[in-house]
Structures are given as structure tokens and as C-alpha cells.
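J.: Sharing a structure below in C-alpha cells format, with a few things to ask.
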Amino acid sequence: MSLSIGIHDLSFATGEFVLPHTALAAHNGTEIGKYHLGIGQESMSVPAADEDIVTLGATAAAPIIARHGAERIRTVVFATESSIDQAKSAGVYVHSLLGLPSATRVVELKQACYGATAALQFAIGLVQRDPAQQVLVVASDVSKYELDSPGEATQGAAAVAMLVGVDPALVRIEDPSGLFTADVMDFWRPNYREAALVDGHESIGAYLQAVEGTWKDYTEQGGRTLEEFAAFCYHQPFTKMAYKAHRHLLNYCGYDTDEAVIARALGHTTAYNRVIGNSYTASVYLGLAALLDRAEDLTGRPLAFLSYGSGSVAEFFAGTVVAGYREHLRTDANRRAIDRRTEVDYARYRDLHEWRFPTDGGDHATPEQTTGPFRLAGISGHKRLYQAR
Ligand code: HMG
């Protein structure tokens with residue numbers, strides 16, 4: 001008998017600050033309609049100087065540990081593309097900050113924004129092998145482009161933590177998956193760069209190719225039909241991309257496209273991404289959080305997921321919402337994570353964007369800015385020093 005495995009709990013965290021797109025538009029003379037309608041973004045989360053993928057990841061995961069304990073967690077998979085170390089997994093710092101047992105395997109996974117879906121699928125495989133264990137998946141990213149570049153308006157930061165196990169309380173993940181890989185240079189970040197390089201318009205085309213490729217494979221593997229899905233959670237570098245993707249999928253399947261039909265299919269999946277911005281690996285699961293928090297009862301309904309990571313790898317898969325899921329949601333906490341952010345003006349945002357540690361190996365303290373539960377206190381001898389607040 002096949003086991004029911006999936007997302008048992010989901011929690012997210014985002015940055016301390018928020019920059020409204022009106023401030024960016026006023027700075028660069030862009031007509032605000034381009035941001036609000038053209039790309040579908042209202043604001044972007046900006047991390048404090050003492051926040052990074054580790055503090056965001058630990059903040060997202062801490063409520064999960066508080067609710068379920070750590071006894072059954074034997075694996076932590078940390079997905080990111082804004083890695084802070086070429087060797088050590090950011091997950092090891094999170095493991096330490098959360099006081100997880102030493103009998104845990106911890107690893108970092110990377111394939112652009114797709115990494116969290118790889119982590120989820122690997123977690124499911126581990127749980128299949130040992131149904132007593134739970135896997136903590138943490139997807140955490142800070143999206144950073146050059147100042148005054150077209151990508152700047154699509155920055156953001158967030159972490160999603162998911163507890164994966166048998167008899168999940170939220171969403172049961174199904175087989176099959178539709179898979180797609182193509183070697184494209186649409187978006188990349190060489191090791192010596194902090195900001196990503198991107199061919200914006202090529203990247204949109206590459207994403208749409210991947211939608212087509214994953215759907216083709218999904219149907220060949222015997223997946224569900226389009227009509228069966230209650231909603232579609234897409235990777236959202238900007239929320240308008242989800243509209244483009246769904247329109248492309250409908251056209252590919254031979255349907256006429258009507259904006260109202262697309263909006264209905266996306267449901268509430270864009271609500272959090274619209275105000276947080278691109279959170280890379282976390283993005284598609286922020287879409288899920290917004291949908292579960294805000295939609296009418298979805299019990300028993302199948303959801304579609306399209307996870308895309310530039311470069312590129314993508315996966316289309318389905319999950320069914322479990323009876324009683326509403327009792328396990330974190331809707332109030334999610335609202336608070338968004339509402340607690342302090343608005344910054346363009347000058348403050350620019351300072352935060354340009355903040356970085358000297359690389360001389362000396363002792364450097366970080367300005368105390370975050371009001372979150374964990375902070376990056378400084379760096380000493382090239383070692384990052386984290387603390388609980
Ligand atoms: P751009 O070239 O400055 O913008 O940057 P544009 O000229 O293409 O305009 C954007 C849209 O706004 C257009 O709509 C305009 O018509 C519209 P569209 O034709 O696309 O439907 N517009 C307006 N609408 C209303 N009122 C107005 C107005 N003016 C214009 N006044 C771009 C846009 C997305 C290229 C840029 O922000 C960028 O390079 N972003 C980063 C790359 C990106 O997000 N790519 C998405 C696909 S790749 C992906 O998802 C992977 C990623 O997450 C990374 C990973 O996997 O790790 C990025």
C-alpha cells in the first residue's frame with residue numbers, strides 16, 4: 001500500500017524592512033503602472049544588515065519545532081541559491097540555532113529557484129524509506145540584482161520551512177512528476193558575484209519552455225488533466241509571471257485564454273509574493289501558503305505546482321489538500337510576518353543594498369537592526385557569528 005506523504009506543516013519568515021515600488025518608481029522615473037500591473041509587484045522585502053538566509057531560515061523553522069518537537073527529524077535539507085559559504089551548509093547553522101539533535105543529517109541543495117522542490121522530493125524519498133522520520137525542508141533566499149538594473153524591481157527575501165512526513169496535515173504530494181531540464185544561460189550568479197546576472201526576456205521565454213516541457217512529461221507519465229486542479233501554484237519571480245505561465249499552459253493545451261479564467265486558476269497564490277517579491281526557492285511555497293490561508297475550503301482538492309529554476313530545471317506535480325488542514329494553518333503568524341516589516345525610503349534601501357562585510361578576516365560587528373528571533377551578530381576570522389536574540 002502506498003503511503004500518504006507530504007507537507008505536514010509550513011511556516012515562513014521574511015525580512016525586517018520593506019521598500020514600496022512607489023519609492024523605486026519615484027527614484028528611477030518609472031510609471032508605477034509598470035510595477036503594479038506590468039510585473040504585478042507592490043513592494044519588496046529587504047533584509048536587515050544582521051539578517052541573511054540562515055536567520056530567515058531559522059525564523060521560519062522555529063515555530064515548526066515549537067509545535068512538533070524535533071524527535072522525529074533526522075534530516076534537514078536547506079535549499080538556497082544565495083548561499084553564504086561554498087563548503088558549509090547554511091543548514092548546519094540553522095540546526096545549531098534551533099538546537100536540533102546531533103543525530104541529524106544536514107545538507108544544502110542548489111539549482112536556482114528549483115532547489116526547494118528537489119528538497120521536497122528528496123524528503124519524500126527519505127520518508128518512504130523510513131516512515132517514522134520527518135524531514136525539515138528549509139528554502140531561504142535573498143534575491144539581489146544590481147541597483148538601477150531591470151531586475152531591481154523583482155528583488156525580495158523570504159524563507160519557507162516545511163515539515164515533511166507521513167499522514168501530512170496540509171497537502172499530500174502525489175506521483176507522477178513532469179520533469180524538464182535545458183542548459184540555458186537565462187539567469188546565473190558566478191561565485192565571485194553577489195548580484196545575479198540575468199537576460200530578463202530570455203529568462204521569461206526559458207520559463208515558458210519549461211512549463212511546456214514539464215506538462216508534456218507530466219501527461220506522458222499519466223498525470224491528472226488540467227480541469228481537475230482547483231488552483232495552480234507557480235514559481236513567481238514577479239506575480240505577472242504566474243499569469244504568463246498559466247496563459248502559456250492553456251494555449252499549449254489548446255484552450256482560449258481569458259484573463260478572468262487565469263485569475264481564477266491562480267486563486268490567491270499571488271497575494272504574498274506580490275508584497276514580498278522574489279524569494280527564489282521559497283517563492284512557489286509562499287504561493288501555496290497564500291492559497292491555503294485565503295481560499296475557500298480546499299479539502300480534497302488537487303493543486304498543481306510548477307517549480308522553475310533558471311539554468312534550467314523545472315518540475316510539475318500535484319498535491320491534494322488534506323481534510324482538517326485549516327486547523328493547522330499559520331494564517332495570523334503569516335500576516336504578522338508581512339505586516340511587521342518597517343517601511344524604508346529609497347536612500348535607506350540603497351544603504352542596505354550596499355552593506356557588506358569587509359573581507360579582511362578581522363572582527364566586524366553587524367549593526368543591530370533585526371527585531372526577529374535570530375541575528376547575524378558579526379564576522380570574525382572569516383567565521384559568521386549567529387545568535388538568538
Ligand atoms: P523590463 O524589461 O524593464 O520590463 O523588465 P518590460 O519592458 O518587459 O515591462 C514589463 C511589463 O510591464 C511588460 O508587460 C510591459 O508591457 C508592462 P508584458 O509585455 O511582459 O506583459 N508595462 C506596463 N504595464 C502597465 N503600465 C505601464 C507599463 N509599462 C510597461 N506604464 C523583467 C522586466 C522581468 C525582464 C526584469 O524585471 C528582469 O530582468 N527581472 C529578473 C528576471 C526574472 O525575473 N525573470 C523571470 C523568469 S526566470 C525565473 O523565474 C527564475 C528566477 O526566479 C531565478 C531563479 O530561478 O533562480 C529569476
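Residues in the C-alpha cells are numbered from 1 in each chain, the chains being A, B, ... in the order shown, and ligands are numbered from 1 in the order shown.
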Can you work out which residues are within 7 Å of ligand 1, considering only C-alpha atoms and all ligand atoms, and then hand them over as a PyMOL selection string?
T.: chain A and resi 31-35+37-39+81+112-114+150-154+186-187+198-201+203-204+207+235-238+241+278+280+308-310
J.: For the helix (DSSP H, G or I) assignment from backbone DSSP, which residues of range 64-186 of chain A qualify? Please present them as an MDAnalysis selection string.
T.: chainID A and resid 64:68 90:97 115:129 150:154
J.: So which one's closest to His246 in chain A, A:Tyr386, A:Phe305, A:Tyr272, A:Phe122? Using only C-alpha atoms, please.
T.: A:Phe305
J.: From a backbone DSSP assignment, name each residue in range 154-320 of chain A labelled strand (DSSP E or B), as JSON, numbers by chain.
T.: {"A": [156, 157, 158, 159, 160, 161, 162, 163, 164, 165, 166, 171, 172, 173, 178, 179, 180, 181, 187, 188, 197, 198, 231, 232, 233, 234, 277, 302, 303, 304, 305, 306, 307, 308, 309, 313, 314, 315, 316, 317, 318, 319, 320]}
J.: Pull C-alpha atoms from the residues just selected and write them as a PDB file, in the first residue's frame.
T.:
ATOM      1  CA  GLY A 156      12.777  40.198  -2.382  1.00  0.00           C
ATOM      2  CA  ALA A 157      13.664  37.913   0.523  1.00  0.00           C
ATOM      3  CA  ALA A 158      11.933  35.123   2.426  1.00  0.00           C
ATOM      4  CA  ALA A 159      12.298  31.647   3.850  1.00  0.00           C
ATOM      5  CA  VAL A 160       9.746  28.852   3.941  1.00  0.00           C
ATOM      6  CA  ALA A 161      10.152  25.886   6.286  1.00  0.00           C
ATOM      7  CA  MET A 162       8.178  22.689   5.671  1.00  0.00           C
ATOM      8  CA  LEU A 163       7.925  19.578   7.769  1.00  0.00           C
ATOM      9  CA  VAL A 164       7.610  16.540   5.509  1.00  0.00           C
ATOM     10  CA  GLY A 165       6.274  13.240   6.816  1.00  0.00           C
ATOM     11  CA  VAL A 166       3.607  10.541   6.591  1.00  0.00           C
ATOM     12  CA  VAL A 171      -1.005  18.621   1.497  1.00  0.00           C
ATOM     13  CA  ARG A 172      -0.356  15.068   0.284  1.00  0.00           C
ATOM     14  CA  ILE A 173       2.165  15.133  -2.568  1.00  0.00           C
ATOM     15  CA  GLY A 178       6.650  16.066 -15.005  1.00  0.00           C
ATOM     16  CA  LEU A 179      10.350  16.925 -15.389  1.00  0.00           C
ATOM     17  CA  PHE A 180      12.298  19.246 -17.677  1.00  0.00           C
ATOM     18  CA  THR A 181      15.951  20.283 -17.911  1.00  0.00           C
ATOM     19  CA  PHE A 187      19.996  33.788 -15.099  1.00  0.00           C
ATOM     20  CA  TRP A 188      23.168  32.866 -13.212  1.00  0.00           C
ATOM     21  CA  LEU A 197      23.262  38.235 -13.872  1.00  0.00           C
ATOM     22  CA  VAL A 198      20.176  37.859 -15.986  1.00  0.00           C
ATOM     23  CA  ALA A 231      -5.577  26.074  -8.303  1.00  0.00           C
ATOM     24  CA  PHE A 232      -2.087  26.423  -9.795  1.00  0.00           C
ATOM     25  CA  CYS A 233       0.916  27.416  -7.658  1.00  0.00           C
ATOM     26  CA  TYR A 234       3.639  28.749  -9.950  1.00  0.00           C
ATOM     27  CA  GLY A 277       8.999  39.978  -4.062  1.00  0.00           C
ATOM     28  CA  PRO A 302      -5.913  18.706  -6.119  1.00  0.00           C
ATOM     29  CA  LEU A 303      -3.448  21.602  -6.522  1.00  0.00           C
ATOM     30  CA  ALA A 304      -0.872  21.949  -9.291  1.00  0.00           C
ATOM     31  CA  PHE A 305       2.702  23.073  -8.614  1.00  0.00           C
ATOM     32  CA  LEU A 306       5.126  24.384 -11.203  1.00  0.00           C
ATOM     33  CA  SER A 307       8.599  24.884  -9.832  1.00  0.00           C
ATOM     34  CA  TYR A 308      11.132  26.573 -12.135  1.00  0.00           C
ATOM     35  CA  GLY A 309      14.814  27.262 -11.533  1.00  0.00           C
ATOM     36  CA  VAL A 313      15.324  22.691 -14.232  1.00  0.00           C
ATOM     37  CA  ALA A 314      11.571  22.519 -13.678  1.00  0.00           C
ATOM     38  CA  GLU A 315       9.006  20.147 -12.236  1.00  0.00           C
ATOM     39  CA  PHE A 316       5.217  19.970 -12.492  1.00  0.00           C
ATOM     40  CA  PHE A 317       3.477  17.924  -9.815  1.00  0.00           C
ATOM     41  CA  ALA A 318       0.243  17.687  -7.873  1.00  0.00           C
ATOM     42  CA  GLY A 319      -0.761  17.679  -4.235  1.00  0.00           C
ATOM     43  CA  THR A 320      -4.125  17.053  -2.607  1.00  0.00           C
TER      44      THR A 320
END
J.: When you look at Pro367 in chain A with a cut-off of 9 Å (counting only C-alpha atoms), what residues show up, excluding the ones that are within fewer than 6 positions of it in the same chain? I need them as a PDB file with C-alpha atoms, in the first residue's frame.
T.:
ATOM      1  CA  ALA A  48      18.402  43.975   7.685  1.00  0.00           C
ATOM      2  CA  ALA A  49      22.207  44.007   7.756  1.00  0.00           C
ATOM      3  CA  ASP A  50      22.069  41.366  10.503  1.00  0.00           C
ATOM      4  CA  ALA A 377      25.992  39.308  15.059  1.00  0.00           C
ATOM      5  CA  GLY A 378      29.176  39.718  13.072  1.00  0.00           C
TER       6      GLY A 378
END
J.: Quick one: everything within 12 Å of His27 in chain A, counting only C-alpha atoms, minus sequence neighbours fewer than 3 positions away in the same chain. Send it as a list in words.
T.: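 The filter keeps Leu19, Pro20, His21, Thr22, Ala23, Leu24, Thr30, Glu31, Ile32, Leu147, Asp148, Ala153, Asp345, Tyr346, Ala347, Tyr349 and Arg350 of chain A.
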J.: With distances taken over only C-alpha atoms, which residue among A:Asp258, A:Glu354, A:Asp167, A:Glu71 lies nearest Tyr325 in chain A?
T.: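 Distance minimum relative to Tyr325 in chain A lands on A:Asp167.
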J.: How many Å separate CA of Val46 in chain A from CA of Gly15 in chain A?
T.: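 Atom-to-atom, CA of Val46 in chain A to CA of Gly15 in chain A, that is 5.4 Å.
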J.: Please compute the CA of Ser102 in chain A-CA of Ser4 in chain A distance, one decimal, in Å.
T.: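 If I compute the distance from CA of Ser102 in chain A to CA of Ser4 in chain A, I get 27.8 Å.
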J.: Of the candidates A:Ser2, A:Leu250, A:Gly115, A:Ala58, which one gets nearest to Arg129 in chain A if we count only C-alpha atoms?
T.: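 With only C-alpha atoms as the atom set, the closest residue is A:Ser2.
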J.: So, counting only C-alpha atoms, which residue among A:Leu286, A:Ala245, A:Val18, A:Ala13 is closest to Ile262 in chain A?
T.: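 Nearest candidate to Ile262 in chain A out of A:Leu286, A:Ala245, A:Val18, A:Ala13: A:Ala245.
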J.: Residues at most 10 Å from Arg72 in chain A, counting only C-alpha atoms, excluding those fewer than 3 positions away in the same chain, as a ChimeraX atom specification?
T.: /A:68-69,75,101,104,131-136,165
J.: Since we have the selection now, will you write its residues out, keeping N, CA and C atoms, as a PDB file, in the first residue's frame?
T.:
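Generated output (out33.pdb):
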ATOM      1  N   HIS A  68       5.972  20.822  16.936  1.00  0.00           N
ATOM      2  CA  HIS A  68       6.066  19.365  16.753  1.00  0.00           C
ATOM      3  C   HIS A  68       7.230  18.728  17.494  1.00  0.00           C
ATOM      4  N   GLY A  69       8.143  19.518  18.037  1.00  0.00           N
ATOM      5  CA  GLY A  69       9.359  18.942  18.614  1.00  0.00           C
ATOM      6  C   GLY A  69      10.291  18.489  17.498  1.00  0.00           C
ATOM      7  N   THR A  75      16.607  14.553   9.251  1.00  0.00           N
ATOM      8  CA  THR A  75      17.266  15.187   8.092  1.00  0.00           C
ATOM      9  C   THR A  75      16.791  16.625   7.959  1.00  0.00           C
ATOM     10  N   PRO A 101      18.861  17.743  17.367  1.00  0.00           N
ATOM     11  CA  PRO A 101      19.735  16.671  17.850  1.00  0.00           C
ATOM     12  C   PRO A 101      20.944  16.461  16.945  1.00  0.00           C
ATOM     13  N   THR A 104      21.453  13.973  13.221  1.00  0.00           N
ATOM     14  CA  THR A 104      20.695  14.539  12.096  1.00  0.00           C
ATOM     15  C   THR A 104      21.636  14.654  10.911  1.00  0.00           C
ATOM     16  N   PRO A 131       9.386   5.577   7.302  1.00  0.00           N
ATOM     17  CA  PRO A 131       8.174   6.372   7.560  1.00  0.00           C
ATOM     18  C   PRO A 131       8.114   6.981   8.954  1.00  0.00           C
ATOM     19  N   ALA A 132       8.968   6.539   9.867  1.00  0.00           N
ATOM     20  CA  ALA A 132       8.951   7.123  11.219  1.00  0.00           C
ATOM     21  C   ALA A 132       9.622   8.488  11.234  1.00  0.00           C
ATOM     22  N   GLN A 133      10.450   8.770  10.228  1.00  0.00           N
ATOM     23  CA  GLN A 133      11.182  10.043  10.278  1.00  0.00           C
ATOM     24  C   GLN A 133      10.442  11.183   9.584  1.00  0.00           C
ATOM     25  N   GLN A 134      10.729  12.383  10.064  1.00  0.00           N
ATOM     26  CA  GLN A 134      10.247  13.589   9.394  1.00  0.00           C
ATOM     27  C   GLN A 134      11.472  14.336   8.871  1.00  0.00           C
ATOM     28  N   VAL A 135      11.275  15.053   7.788  1.00  0.00           N
ATOM     29  CA  VAL A 135      12.375  15.821   7.194  1.00  0.00           C
ATOM     30  C   VAL A 135      12.002  17.297   7.252  1.00  0.00           C
ATOM     31  N   LEU A 136      12.945  18.103   7.731  1.00  0.00           N
ATOM     32  CA  LEU A 136      12.724  19.553   7.741  1.00  0.00           C
ATOM     33  C   LEU A 136      13.342  20.130   6.473  1.00  0.00           C
ATOM     34  N   GLY A 165       6.410  14.530   6.136  1.00  0.00           N
ATOM     35  CA  GLY A 165       6.274  13.240   6.816  1.00  0.00           C
ATOM     36  C   GLY A 165       5.060  12.486   6.319  1.00  0.00           C
TER      37      GLY A 165
END
J.: Report, in Å to a single decimal, how far apart CA of Gly287 in chain A and CA of Ala139 in chain A are.
T.: 13.2 Å
J.: Measuring atom to atom with only C-alpha atoms, identify which of A:Glu51, A:Met44, A:Leu329, A:Arg294 is nearest to Ile64 in chain A.
T.: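 Closest to Ile64 in chain A of all the choices is A:Leu329.
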J.: Quick one: of A:Asp9, A:Asp141, A:Glu16, A:Glu174, who's nearest to Thr371 in chain A, counting only C-alpha atoms?
T.: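 Closest to Thr371 in chain A of all the choices is A:Glu16.
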J.: Find the residues near Glu259 in chain A: any atom within 12 Å, counting only C-alpha atoms, skip ones fewer than 6 places away on the same chain, and give them as a list in words.
T.: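 Result of the neighbour search: Lys240, Ala242, Tyr243, Lys244, His246, Arg247, Leu250, Ala265 and Leu266 of chain A.
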